[in-house]
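**Q** Coordinates in input_24.txt, compact mmCIF, N, CA and C atoms, are listed below.
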```txt
# COMPACT_ATOMS: atom_id res chain seq x y z
N MET A 119 13.80 10.42 -18.59
CA MET A 119 14.63 10.37 -17.42
C MET A 119 13.81 10.82 -16.21
N ARG A 120 13.84 10.06 -15.16
CA ARG A 120 13.10 10.39 -13.94
C ARG A 120 13.91 11.34 -13.08
N THR A 121 13.17 12.18 -12.34
CA THR A 121 13.80 13.08 -11.39
C THR A 121 13.21 12.82 -10.02
N LEU A 122 13.79 13.41 -8.99
CA LEU A 122 13.24 13.27 -7.64
C LEU A 122 11.91 13.99 -7.50
N ASN A 123 11.54 14.79 -8.50
CA ASN A 123 10.27 15.50 -8.47
C ASN A 123 9.14 14.68 -9.08
N ASP A 124 9.41 13.47 -9.55
CA ASP A 124 8.39 12.62 -10.13
C ASP A 124 7.75 11.75 -9.05
N TYR A 125 6.44 11.55 -9.18
CA TYR A 125 5.76 10.57 -8.34
C TYR A 125 4.79 9.80 -9.20
N PHE A 126 4.25 8.72 -8.66
CA PHE A 126 3.46 7.79 -9.45
C PHE A 126 2.13 7.51 -8.76
N ILE A 127 1.09 7.41 -9.57
CA ILE A 127 -0.23 7.00 -9.09
C ILE A 127 -0.61 5.78 -9.91
N THR A 128 -1.03 4.72 -9.24
CA THR A 128 -1.49 3.51 -9.95
C THR A 128 -2.93 3.26 -9.57
N ALA A 129 -3.73 2.94 -10.59
CA ALA A 129 -5.16 2.69 -10.38
C ALA A 129 -5.62 1.60 -11.35
N GLU A 130 -6.80 1.06 -11.12
CA GLU A 130 -7.33 -0.02 -11.95
C GLU A 130 -8.62 0.37 -12.64
N ILE A 131 -8.74 -0.07 -13.88
CA ILE A 131 -10.02 -0.05 -14.59
C ILE A 131 -10.49 -1.50 -14.54
N GLU A 132 -11.61 -1.74 -13.90
CA GLU A 132 -12.06 -3.12 -13.65
C GLU A 132 -12.26 -3.93 -14.92
N ASP A 133 -12.82 -3.32 -15.97
CA ASP A 133 -13.08 -4.05 -17.21
C ASP A 133 -13.01 -3.08 -18.39
N VAL A 134 -11.95 -3.17 -19.18
CA VAL A 134 -11.81 -2.26 -20.33
C VAL A 134 -12.85 -2.53 -21.40
N SER A 135 -13.50 -3.70 -21.35
CA SER A 135 -14.50 -4.05 -22.36
C SER A 135 -15.90 -3.57 -22.00
N THR A 136 -16.05 -2.85 -20.91
CA THR A 136 -17.33 -2.25 -20.52
C THR A 136 -17.13 -0.75 -20.43
N ALA A 137 -17.89 0.00 -21.21
CA ALA A 137 -17.76 1.46 -21.20
C ALA A 137 -18.00 1.97 -19.78
N SER A 138 -17.03 2.75 -19.27
CA SER A 138 -17.16 3.25 -17.90
C SER A 138 -16.14 4.33 -17.62
N SER A 139 -16.31 4.99 -16.48
CA SER A 139 -15.36 5.97 -15.98
C SER A 139 -14.95 5.56 -14.57
N THR A 140 -13.68 5.76 -14.26
CA THR A 140 -13.15 5.50 -12.93
C THR A 140 -12.30 6.70 -12.55
N PHE A 141 -12.45 7.18 -11.33
CA PHE A 141 -11.71 8.35 -10.87
C PHE A 141 -10.61 7.93 -9.90
N VAL A 142 -9.48 8.61 -9.99
CA VAL A 142 -8.37 8.36 -9.07
C VAL A 142 -7.98 9.70 -8.44
N ALA A 143 -7.77 9.70 -7.12
CA ALA A 143 -7.43 10.92 -6.39
C ALA A 143 -5.98 11.30 -6.63
N VAL A 144 -5.72 12.61 -6.62
CA VAL A 144 -4.37 13.15 -6.84
C VAL A 144 -3.87 13.73 -5.51
N PRO A 145 -2.74 13.21 -4.97
CA PRO A 145 -2.26 13.67 -3.67
C PRO A 145 -1.40 14.94 -3.71
N ASP A 146 -0.91 15.31 -4.90
CA ASP A 146 -0.01 16.46 -5.01
C ASP A 146 -0.10 17.01 -6.42
N GLY A 147 0.13 18.30 -6.58
CA GLY A 147 0.04 18.93 -7.89
C GLY A 147 1.20 18.59 -8.79
N GLY A 148 1.03 18.87 -10.08
CA GLY A 148 2.08 18.65 -11.06
C GLY A 148 1.50 18.46 -12.44
N LYS A 149 2.30 17.91 -13.33
CA LYS A 149 1.88 17.63 -14.70
C LYS A 149 2.05 16.14 -14.98
N ILE A 150 1.05 15.54 -15.61
CA ILE A 150 1.18 14.15 -16.05
C ILE A 150 2.15 14.15 -17.23
N ILE A 151 3.26 13.43 -17.09
CA ILE A 151 4.23 13.39 -18.18
C ILE A 151 4.20 12.06 -18.94
N LYS A 152 3.61 11.04 -18.33
CA LYS A 152 3.49 9.75 -19.01
C LYS A 152 2.36 8.96 -18.38
N ILE A 153 1.67 8.18 -19.23
CA ILE A 153 0.61 7.28 -18.76
C ILE A 153 0.95 5.90 -19.32
N LEU A 154 0.92 4.89 -18.46
CA LEU A 154 1.19 3.52 -18.88
C LEU A 154 0.01 2.65 -18.48
N SER A 155 -0.35 1.70 -19.35
CA SER A 155 -1.40 0.76 -18.98
C SER A 155 -0.88 -0.65 -19.17
N ALA A 156 -1.28 -1.53 -18.28
CA ALA A 156 -0.93 -2.96 -18.37
C ALA A 156 -2.24 -3.74 -18.40
N ASN A 157 -2.53 -4.35 -19.53
CA ASN A 157 -3.76 -5.12 -19.69
C ASN A 157 -3.56 -6.51 -19.10
N GLN A 158 -4.59 -7.03 -18.45
CA GLN A 158 -4.43 -8.28 -17.69
C GLN A 158 -4.90 -9.54 -18.41
N ALA A 159 -5.72 -9.43 -19.45
CA ALA A 159 -6.25 -10.63 -20.12
C ALA A 159 -6.41 -10.36 -21.61
N THR A 160 -6.65 -11.41 -22.36
CA THR A 160 -6.83 -11.28 -23.81
C THR A 160 -8.20 -10.67 -24.10
N ILE A 161 -8.21 -9.69 -25.00
CA ILE A 161 -9.45 -9.08 -25.46
C ILE A 161 -9.59 -9.27 -26.96
N THR A 162 -10.79 -9.08 -27.45
CA THR A 162 -11.07 -9.09 -28.87
C THR A 162 -11.51 -7.68 -29.23
N GLY A 163 -10.96 -7.13 -30.29
CA GLY A 163 -11.27 -5.75 -30.65
C GLY A 163 -10.29 -4.81 -29.97
N THR A 164 -10.62 -3.53 -29.98
CA THR A 164 -9.75 -2.51 -29.41
C THR A 164 -10.49 -1.72 -28.34
N ALA A 165 -9.88 -1.61 -27.17
CA ALA A 165 -10.42 -0.77 -26.09
C ALA A 165 -9.66 0.55 -26.11
N ALA A 166 -10.38 1.64 -26.24
CA ALA A 166 -9.75 2.96 -26.24
C ALA A 166 -9.87 3.57 -24.84
N LEU A 167 -8.72 3.98 -24.28
CA LEU A 167 -8.71 4.64 -22.98
C LEU A 167 -8.43 6.12 -23.20
N SER A 168 -9.15 6.95 -22.48
CA SER A 168 -8.87 8.39 -22.49
C SER A 168 -8.89 8.87 -21.05
N PHE A 169 -8.38 10.07 -20.84
CA PHE A 169 -8.21 10.58 -19.49
C PHE A 169 -8.63 12.04 -19.46
N GLU A 170 -9.30 12.43 -18.38
CA GLU A 170 -9.75 13.81 -18.24
C GLU A 170 -9.41 14.34 -16.86
N ILE A 171 -9.18 15.65 -16.83
CA ILE A 171 -8.96 16.36 -15.57
C ILE A 171 -10.00 17.46 -15.52
N GLY A 172 -10.88 17.41 -14.54
CA GLY A 172 -11.93 18.42 -14.42
C GLY A 172 -12.82 18.51 -15.66
N GLY A 173 -13.07 17.39 -16.32
CA GLY A 173 -13.93 17.36 -17.49
C GLY A 173 -13.24 17.73 -18.80
N THR A 174 -11.94 18.02 -18.76
CA THR A 174 -11.18 18.37 -19.96
C THR A 174 -10.26 17.21 -20.33
N ALA A 175 -10.32 16.81 -21.59
CA ALA A 175 -9.49 15.70 -22.06
C ALA A 175 -8.00 16.05 -21.99
N VAL A 176 -7.20 15.11 -21.52
CA VAL A 176 -5.75 15.25 -21.50
C VAL A 176 -5.27 15.12 -22.95
N THR A 177 -4.64 16.16 -23.47
CA THR A 177 -4.17 16.16 -24.85
C THR A 177 -3.02 15.17 -25.02
N GLY A 178 -3.14 14.31 -26.03
CA GLY A 178 -2.09 13.33 -26.27
C GLY A 178 -2.06 12.21 -25.27
N GLY A 179 -3.13 12.03 -24.52
CA GLY A 179 -3.15 11.02 -23.47
C GLY A 179 -3.89 9.75 -23.80
N GLY A 180 -4.37 9.62 -25.04
CA GLY A 180 -5.15 8.44 -25.39
C GLY A 180 -4.30 7.19 -25.54
N ILE A 181 -4.87 6.06 -25.14
CA ILE A 181 -4.21 4.76 -25.27
C ILE A 181 -5.19 3.79 -25.92
N SER A 182 -4.72 3.02 -26.89
CA SER A 182 -5.52 1.97 -27.51
C SER A 182 -4.93 0.62 -27.12
N ILE A 183 -5.77 -0.23 -26.53
CA ILE A 183 -5.36 -1.59 -26.21
C ILE A 183 -5.93 -2.47 -27.32
N VAL A 184 -5.05 -2.99 -28.16
CA VAL A 184 -5.49 -3.79 -29.30
C VAL A 184 -5.47 -5.27 -28.95
N ALA A 185 -6.27 -6.05 -29.68
CA ALA A 185 -6.44 -7.47 -29.37
C ALA A 185 -5.15 -8.27 -29.51
N SER A 186 -4.38 -8.00 -30.55
CA SER A 186 -3.17 -8.78 -30.80
C SER A 186 -2.18 -8.63 -29.65
N GLY A 187 -1.93 -9.72 -28.94
CA GLY A 187 -0.98 -9.68 -27.83
C GLY A 187 -1.47 -8.89 -26.64
N SER A 188 -2.78 -8.77 -26.46
CA SER A 188 -3.33 -7.89 -25.42
C SER A 188 -3.07 -8.35 -23.99
N ALA A 189 -2.99 -9.65 -23.75
CA ALA A 189 -2.73 -10.12 -22.38
C ALA A 189 -1.30 -9.76 -21.99
N GLY A 190 -1.16 -8.93 -21.00
CA GLY A 190 0.15 -8.50 -20.53
C GLY A 190 0.73 -7.34 -21.31
N ALA A 191 0.00 -6.82 -22.28
CA ALA A 191 0.50 -5.72 -23.11
C ALA A 191 0.66 -4.44 -22.29
N ILE A 192 1.74 -3.73 -22.55
CA ILE A 192 1.99 -2.43 -21.95
C ILE A 192 1.84 -1.39 -23.05
N ASP A 193 0.97 -0.42 -22.84
CA ASP A 193 0.76 0.67 -23.79
C ASP A 193 1.05 1.98 -23.07
N THR A 194 1.54 2.97 -23.80
CA THR A 194 1.92 4.23 -23.16
C THR A 194 1.43 5.44 -23.96
N ALA A 195 1.35 6.56 -23.28
CA ALA A 195 1.06 7.85 -23.90
C ALA A 195 1.85 8.92 -23.16
N GLU A 196 2.26 9.94 -23.88
CA GLU A 196 2.97 11.07 -23.28
C GLU A 196 2.17 12.34 -23.56
N PRO A 197 1.36 12.76 -22.58
CA PRO A 197 0.50 13.92 -22.78
C PRO A 197 1.28 15.18 -23.16
N THR A 198 0.64 15.99 -24.01
CA THR A 198 1.27 17.23 -24.49
C THR A 198 0.56 18.49 -24.00
N GLY A 199 -0.59 18.34 -23.38
CA GLY A 199 -1.31 19.50 -22.89
C GLY A 199 -2.50 19.11 -22.04
N ALA A 200 -3.12 20.09 -21.39
CA ALA A 200 -4.26 19.88 -20.50
C ALA A 200 -3.95 18.76 -19.51
N ASN A 201 -2.70 18.75 -19.00
CA ASN A 201 -2.24 17.64 -18.16
C ASN A 201 -1.82 18.08 -16.75
N THR A 202 -2.26 19.25 -16.33
CA THR A 202 -1.92 19.75 -15.00
C THR A 202 -2.94 19.23 -13.97
N VAL A 203 -2.42 18.62 -12.91
CA VAL A 203 -3.27 18.13 -11.83
C VAL A 203 -3.01 18.97 -10.57
N THR A 204 -4.01 19.06 -9.72
CA THR A 204 -3.87 19.83 -8.49
C THR A 204 -4.08 18.91 -7.28
N GLU A 205 -3.43 19.26 -6.20
CA GLU A 205 -3.58 18.50 -4.96
C GLU A 205 -5.05 18.44 -4.58
N GLY A 206 -5.52 17.25 -4.27
CA GLY A 206 -6.91 17.06 -3.88
C GLY A 206 -7.86 16.93 -5.06
N GLY A 207 -7.32 16.97 -6.28
CA GLY A 207 -8.14 16.80 -7.47
C GLY A 207 -8.25 15.34 -7.85
N SER A 208 -8.70 15.09 -9.07
CA SER A 208 -8.82 13.72 -9.54
C SER A 208 -8.53 13.64 -11.03
N ILE A 209 -8.21 12.44 -11.46
CA ILE A 209 -8.04 12.12 -12.87
C ILE A 209 -9.13 11.10 -13.20
N GLU A 210 -9.85 11.36 -14.29
CA GLU A 210 -10.87 10.42 -14.73
C GLU A 210 -10.28 9.51 -15.80
N MET A 211 -10.43 8.21 -15.61
CA MET A 211 -9.98 7.21 -16.57
C MET A 211 -11.23 6.69 -17.27
N ILE A 212 -11.27 6.78 -18.59
CA ILE A 212 -12.46 6.43 -19.36
C ILE A 212 -12.12 5.32 -20.35
N THR A 213 -12.94 4.28 -20.39
CA THR A 213 -12.83 3.27 -21.43
C THR A 213 -14.09 3.29 -22.28
N ASP A 214 -13.91 3.17 -23.59
CA ASP A 214 -15.07 3.20 -24.49
C ASP A 214 -15.77 1.85 -24.57
N GLY A 215 -15.18 0.79 -23.99
CA GLY A 215 -15.80 -0.53 -24.01
C GLY A 215 -15.81 -1.15 -25.40
N GLY A 216 -14.89 -0.72 -26.27
CA GLY A 216 -14.89 -1.17 -27.65
C GLY A 216 -14.40 -2.59 -27.87
N SER A 217 -13.95 -3.25 -26.84
CA SER A 217 -13.47 -4.63 -26.97
C SER A 217 -14.47 -5.58 -26.34
N THR A 218 -14.19 -6.87 -26.47
CA THR A 218 -14.98 -7.89 -25.77
C THR A 218 -14.03 -8.73 -24.92
N ASN A 219 -14.58 -9.50 -24.04
CA ASN A 219 -13.88 -10.31 -23.05
C ASN A 219 -13.49 -9.40 -21.88
N THR A 220 -13.79 -9.85 -20.70
CA THR A 220 -13.49 -9.08 -19.50
C THR A 220 -11.99 -9.02 -19.27
N SER A 221 -11.49 -7.80 -19.05
CA SER A 221 -10.07 -7.65 -18.74
C SER A 221 -9.85 -6.40 -17.91
N LYS A 222 -9.13 -6.57 -16.81
CA LYS A 222 -8.73 -5.45 -15.97
C LYS A 222 -7.52 -4.79 -16.61
N ALA A 223 -7.40 -3.46 -16.46
CA ALA A 223 -6.19 -2.74 -16.87
C ALA A 223 -5.68 -1.99 -15.65
N VAL A 224 -4.38 -2.06 -15.43
CA VAL A 224 -3.73 -1.31 -14.37
C VAL A 224 -3.05 -0.12 -15.05
N VAL A 225 -3.39 1.09 -14.59
CA VAL A 225 -2.89 2.32 -15.20
C VAL A 225 -1.97 3.03 -14.22
N THR A 226 -0.81 3.46 -14.71
CA THR A 226 0.13 4.22 -13.89
C THR A 226 0.35 5.59 -14.52
N PHE A 227 0.21 6.61 -13.70
CA PHE A 227 0.46 7.98 -14.12
C PHE A 227 1.81 8.42 -13.53
N VAL A 228 2.67 8.98 -14.37
CA VAL A 228 3.91 9.57 -13.91
C VAL A 228 3.65 11.07 -13.86
N ILE A 229 3.78 11.65 -12.67
CA ILE A 229 3.47 13.07 -12.48
C ILE A 229 4.72 13.77 -11.99
N ARG A 230 5.03 14.87 -12.65
CA ARG A 230 6.21 15.66 -12.27
C ARG A 230 5.76 16.92 -11.56
N ARG A 231 6.27 17.11 -10.32
CA ARG A 231 5.93 18.29 -9.52
C ARG A 231 6.58 19.52 -10.11
```
Here is a file; write its structure as structure tokens.
**A**
Amino acid sequence: MRTLNDYFITAEIEDVSTASSTFVAVPDGGKIIKILSANQATITGTAALSFEIGGTAVTGGGISIVASGSAGAIDTAEPTGANTVTEGGSIEMITDGGSTNTSKAVVTFVIRR
């Protein structure tokens, strides 16, 4: 259930099939309560996404984008710890590049103040 204290950050990973890190700025403090990803194209294999705040992995925040039905697939995670963000900080989005075929992923963070 959403509250008026929730806000959303949306960012893109240019290619989940290429191992990389992308940082997104945080405009206000809070806790990440949900992470959603929307994959844009068909991939082969599995791309694993992880997220870090200040070099510490977000507990329970991992997402696997699997090949079956990957184009348009929505995957989610509900972090259980190490999920506090601060105003002016950043969230690192990491893909292991475990899949093939170029595909952008759009990631949305639900943050509760």
**Q** Quick one: everything within 6.5 Å of A:Phe141, counting all atoms listed in the file, minus sequence neighbours fewer than 3 positions away in the same chain. Send it as a PyMOL selection string.
**A** chain A and resi 208-211
**Q** Deliver the residues from the most recent selection as a file, using N, CA and C atoms, as a PDB file, keeping the file's coordinate frame.
**A**
```pdb
ATOM      1  N   SER A 208      -8.700  15.090  -9.070  1.00  0.00           N
ATOM      2  CA  SER A 208      -8.820  13.720  -9.540  1.00  0.00           C
ATOM      3  C   SER A 208      -8.530  13.640 -11.030  1.00  0.00           C
ATOM      4  N   ILE A 209      -8.210  12.440 -11.460  1.00  0.00           N
ATOM      5  CA  ILE A 209      -8.040  12.120 -12.870  1.00  0.00           C
ATOM      6  C   ILE A 209      -9.130  11.100 -13.200  1.00  0.00           C
ATOM      7  N   GLU A 210      -9.850  11.360 -14.290  1.00  0.00           N
ATOM      8  CA  GLU A 210     -10.870  10.420 -14.730  1.00  0.00           C
ATOM      9  C   GLU A 210     -10.280   9.510 -15.800  1.00  0.00           C
ATOM     10  N   MET A 211     -10.430   8.210 -15.610  1.00  0.00           N
ATOM     11  CA  MET A 211      -9.980   7.210 -16.570  1.00  0.00           C
ATOM     12  C   MET A 211     -11.230   6.690 -17.270  1.00  0.00           C
TER      13      MET A 211
END
```
**Q** What's the separation between atom N of A:Thr162 and atom C of A:Val228, in Å to one decimal place?
**A** 28.3 Å
**Q** When you draw a straight line from atom CA of A:Met119 to atom C of A:Gly178, how long is it in Å?
**A** 18.5 Å
**Q** Using all atoms listed in the file, which residue out of A:Leu154, A:Ser135, A:Gly190, A:Val176 lies closest to A:Gly215?
**A**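 For A:Gly215, the nearest of the given residues is A:Ser135.
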**Q** Compute the distance from (-0.8, 12.6, -20.3) to each atom, counting only N, CA and C atoms, keep the residues with any atom at most 8 Å away, and return them as a ChimeraX atom specification; use the coordinates of the file.
**A** /A:149-153,169,176-180,195-202,227-228
**Q** Got a sec: who's within 10 Å of A:Thr220, counting only C-alpha atoms, leaving out chain neighbours fewer than 2 positions off, as a list of chain:residue names?
**A**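 In the requested format, the answer is A:Glu132, A:Asp133, A:Val134, A:Ser135, A:Thr136, A:Gln158, A:Ala159, A:Thr160, A:Ile161, A:Thr162, A:Gly215, A:Ser217, A:Thr218, A:Lys222.
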**Q** Rounded to one decimal, what separation in Å do you get between atom CA of A:Val203 and atom C of A:Ala143?
**A**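 Atom CA of A:Val203 sits 9.0 Å away from atom C of A:Ala143.
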**Q** Excluding A:Asn157 and residues on its chain fewer than 4 positions from it, collect all residues at most 7 Å away from it, counting only C-alpha atoms, and give them as a JSON list (two decimals) with N, CA and C atoms, keeping the file's coordinate frame.
**A**
```json
[["chain", "number", "residue", "atom", "x", "y", "z"],
["A", 188, "SER", "N", -2.78, -8.77, -26.46],
["A", 188, "SER", "CA", -3.33, -7.89, -25.42],
["A", 188, "SER", "C", -3.07, -8.35, -23.99],
["A", 189, "ALA", "N", -2.99, -9.65, -23.75],
["A", 189, "ALA", "CA", -2.73, -10.12, -22.38],
["A", 189, "ALA", "C", -1.30, -9.76, -21.99],
["A", 190, "GLY", "N", -1.16, -8.93, -21.00],
["A", 190, "GLY", "CA", 0.15, -8.50, -20.53],
["A", 190, "GLY", "C", 0.73, -7.34, -21.31],
["A", 191, "ALA", "N", 0.00, -6.82, -22.28],
["A", 191, "ALA", "CA", 0.50, -5.72, -23.11],
["A", 191, "ALA", "C", 0.66, -4.44, -22.29],
["A", 192, "ILE", "N", 1.74, -3.73, -22.55],
["A", 192, "ILE", "CA", 1.99, -2.43, -21.95],
["A", 192, "ILE", "C", 1.84, -1.39, -23.05],
["A", 221, "SER", "N", -11.49, -7.80, -19.05],
["A", 221, "SER", "CA", -10.07, -7.65, -18.74],
["A", 221, "SER", "C", -9.85, -6.40, -17.91],
["A", 222, "LYS", "N", -9.13, -6.57, -16.81],
["A", 222, "LYS", "CA", -8.73, -5.45, -15.97],
["A", 222, "LYS", "C", -7.52, -4.79, -16.61],
["A", 223, "ALA", "N", -7.40, -3.46, -16.46],
["A", 223, "ALA", "CA", -6.19, -2.74, -16.87],
["A", 223, "ALA", "C", -5.68, -1.99, -15.65],
["A", 224, "VAL", "N", -4.38, -2.06, -15.43],
["A", 224, "VAL", "CA", -3.73, -1.31, -14.37],
["A", 224, "VAL", "C", -3.05, -0.12, -15.05]]
```
**Q** Kindly provide, as AutoDock Vina command-line options, the centre and edge lengths (Å, one decimal) of an axis-aligned box around all atoms of stretch 167-184 of chain A given in the file, with 6 Å on each side.
**A**
```
--center_x -8.0 --center_y 6.6 --center_z -21.9 --size_x 23.9 --size_y 35.8 --size_z 26.9
```
**Q** Write out as a ChimeraX atom specification which residues come within 6 Å of A:Thr213 when counting all atoms listed in the file, dropping same-chain ones fewer than 6 positions away.
**A** /A:134,136-139,166-168
**Q** My structure is short of atoms at stretch 119-134 of chain A; please model N, CA, C and O atoms there, returning them as a JSON list (two decimals), in the coordinates of the input.
**A**
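Now in result-v2.json:
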```json
[["chain", "number", "residue", "atom", "x", "y", "z"],
["A", 119, "MET", "N", 13.80, 10.42, -18.59],
["A", 119, "MET", "CA", 14.63, 10.37, -17.42],
["A", 119, "MET", "C", 13.81, 10.82, -16.21],
["A", 119, "MET", "O", 13.14, 11.84, -16.25],
["A", 120, "ARG", "N", 13.84, 10.06, -15.16],
["A", 120, "ARG", "CA", 13.10, 10.39, -13.94],
["A", 120, "ARG", "C", 13.91, 11.34, -13.08],
["A", 120, "ARG", "O", 15.13, 11.33, -13.08],
["A", 121, "THR", "N", 13.17, 12.18, -12.34],
["A", 121, "THR", "CA", 13.80, 13.08, -11.39],
["A", 121, "THR", "C", 13.21, 12.82, -10.02],
["A", 121, "THR", "O", 12.21, 12.10, -9.88],
["A", 122, "LEU", "N", 13.79, 13.41, -8.99],
["A", 122, "LEU", "CA", 13.24, 13.27, -7.64],
["A", 122, "LEU", "C", 11.91, 13.99, -7.50],
["A", 122, "LEU", "O", 11.21, 13.80, -6.52],
["A", 123, "ASN", "N", 11.54, 14.79, -8.50],
["A", 123, "ASN", "CA", 10.27, 15.50, -8.47],
["A", 123, "ASN", "C", 9.14, 14.68, -9.08],
["A", 123, "ASN", "O", 8.00, 15.14, -9.14],
["A", 124, "ASP", "N", 9.41, 13.47, -9.55],
["A", 124, "ASP", "CA", 8.39, 12.62, -10.13],
["A", 124, "ASP", "C", 7.75, 11.75, -9.05],
["A", 124, "ASP", "O", 8.41, 11.27, -8.15],
["A", 125, "TYR", "N", 6.44, 11.55, -9.18],
["A", 125, "TYR", "CA", 5.76, 10.57, -8.34],
["A", 125, "TYR", "C", 4.79, 9.80, -9.20],
["A", 125, "TYR", "O", 4.53, 10.16, -10.36],
["A", 126, "PHE", "N", 4.25, 8.72, -8.66],
["A", 126, "PHE", "CA", 3.46, 7.79, -9.45],
["A", 126, "PHE", "C", 2.13, 7.51, -8.76],
["A", 126, "PHE", "O", 2.07, 7.37, -7.54],
["A", 127, "ILE", "N", 1.09, 7.41, -9.57],
["A", 127, "ILE", "CA", -0.23, 7.00, -9.09],
["A", 127, "ILE", "C", -0.61, 5.78, -9.91],
["A", 127, "ILE", "O", -0.52, 5.80, -11.15],
["A", 128, "THR", "N", -1.03, 4.72, -9.24],
["A", 128, "THR", "CA", -1.49, 3.51, -9.95],
["A", 128, "THR", "C", -2.93, 3.26, -9.57],
["A", 128, "THR", "O", -3.30, 3.36, -8.39],
["A", 129, "ALA", "N", -3.73, 2.94, -10.59],
["A", 129, "ALA", "CA", -5.16, 2.69, -10.38],
["A", 129, "ALA", "C", -5.62, 1.60, -11.35],
["A", 129, "ALA", "O", -4.90, 1.26, -12.29],
["A", 130, "GLU", "N", -6.80, 1.06, -11.12],
["A", 130, "GLU", "CA", -7.33, -0.02, -11.95],
["A", 130, "GLU", "C", -8.62, 0.37, -12.64],
["A", 130, "GLU", "O", -9.47, 1.04, -12.05],
["A", 131, "ILE", "N", -8.74, -0.07, -13.88],
["A", 131, "ILE", "CA", -10.02, -0.05, -14.59],
["A", 131, "ILE", "C", -10.49, -1.50, -14.54],
["A", 131, "ILE", "O", -9.80, -2.39, -15.06],
["A", 132, "GLU", "N", -11.61, -1.74, -13.90],
["A", 132, "GLU", "CA", -12.06, -3.12, -13.65],
["A", 132, "GLU", "C", -12.26, -3.93, -14.92],
["A", 132, "GLU", "O", -11.94, -5.11, -14.96],
["A", 133, "ASP", "N", -12.82, -3.32, -15.97],
["A", 133, "ASP", "CA", -13.08, -4.05, -17.21],
["A", 133, "ASP", "C", -13.01, -3.08, -18.39],
["A", 133, "ASP", "O", -13.92, -2.27, -18.58],
["A", 134, "VAL", "N", -11.95, -3.17, -19.18],
["A", 134, "VAL", "CA", -11.81, -2.26, -20.33],
["A", 134, "VAL", "C", -12.85, -2.53, -21.40],
["A", 134, "VAL", "O", -13.08, -1.69, -22.26]]
```
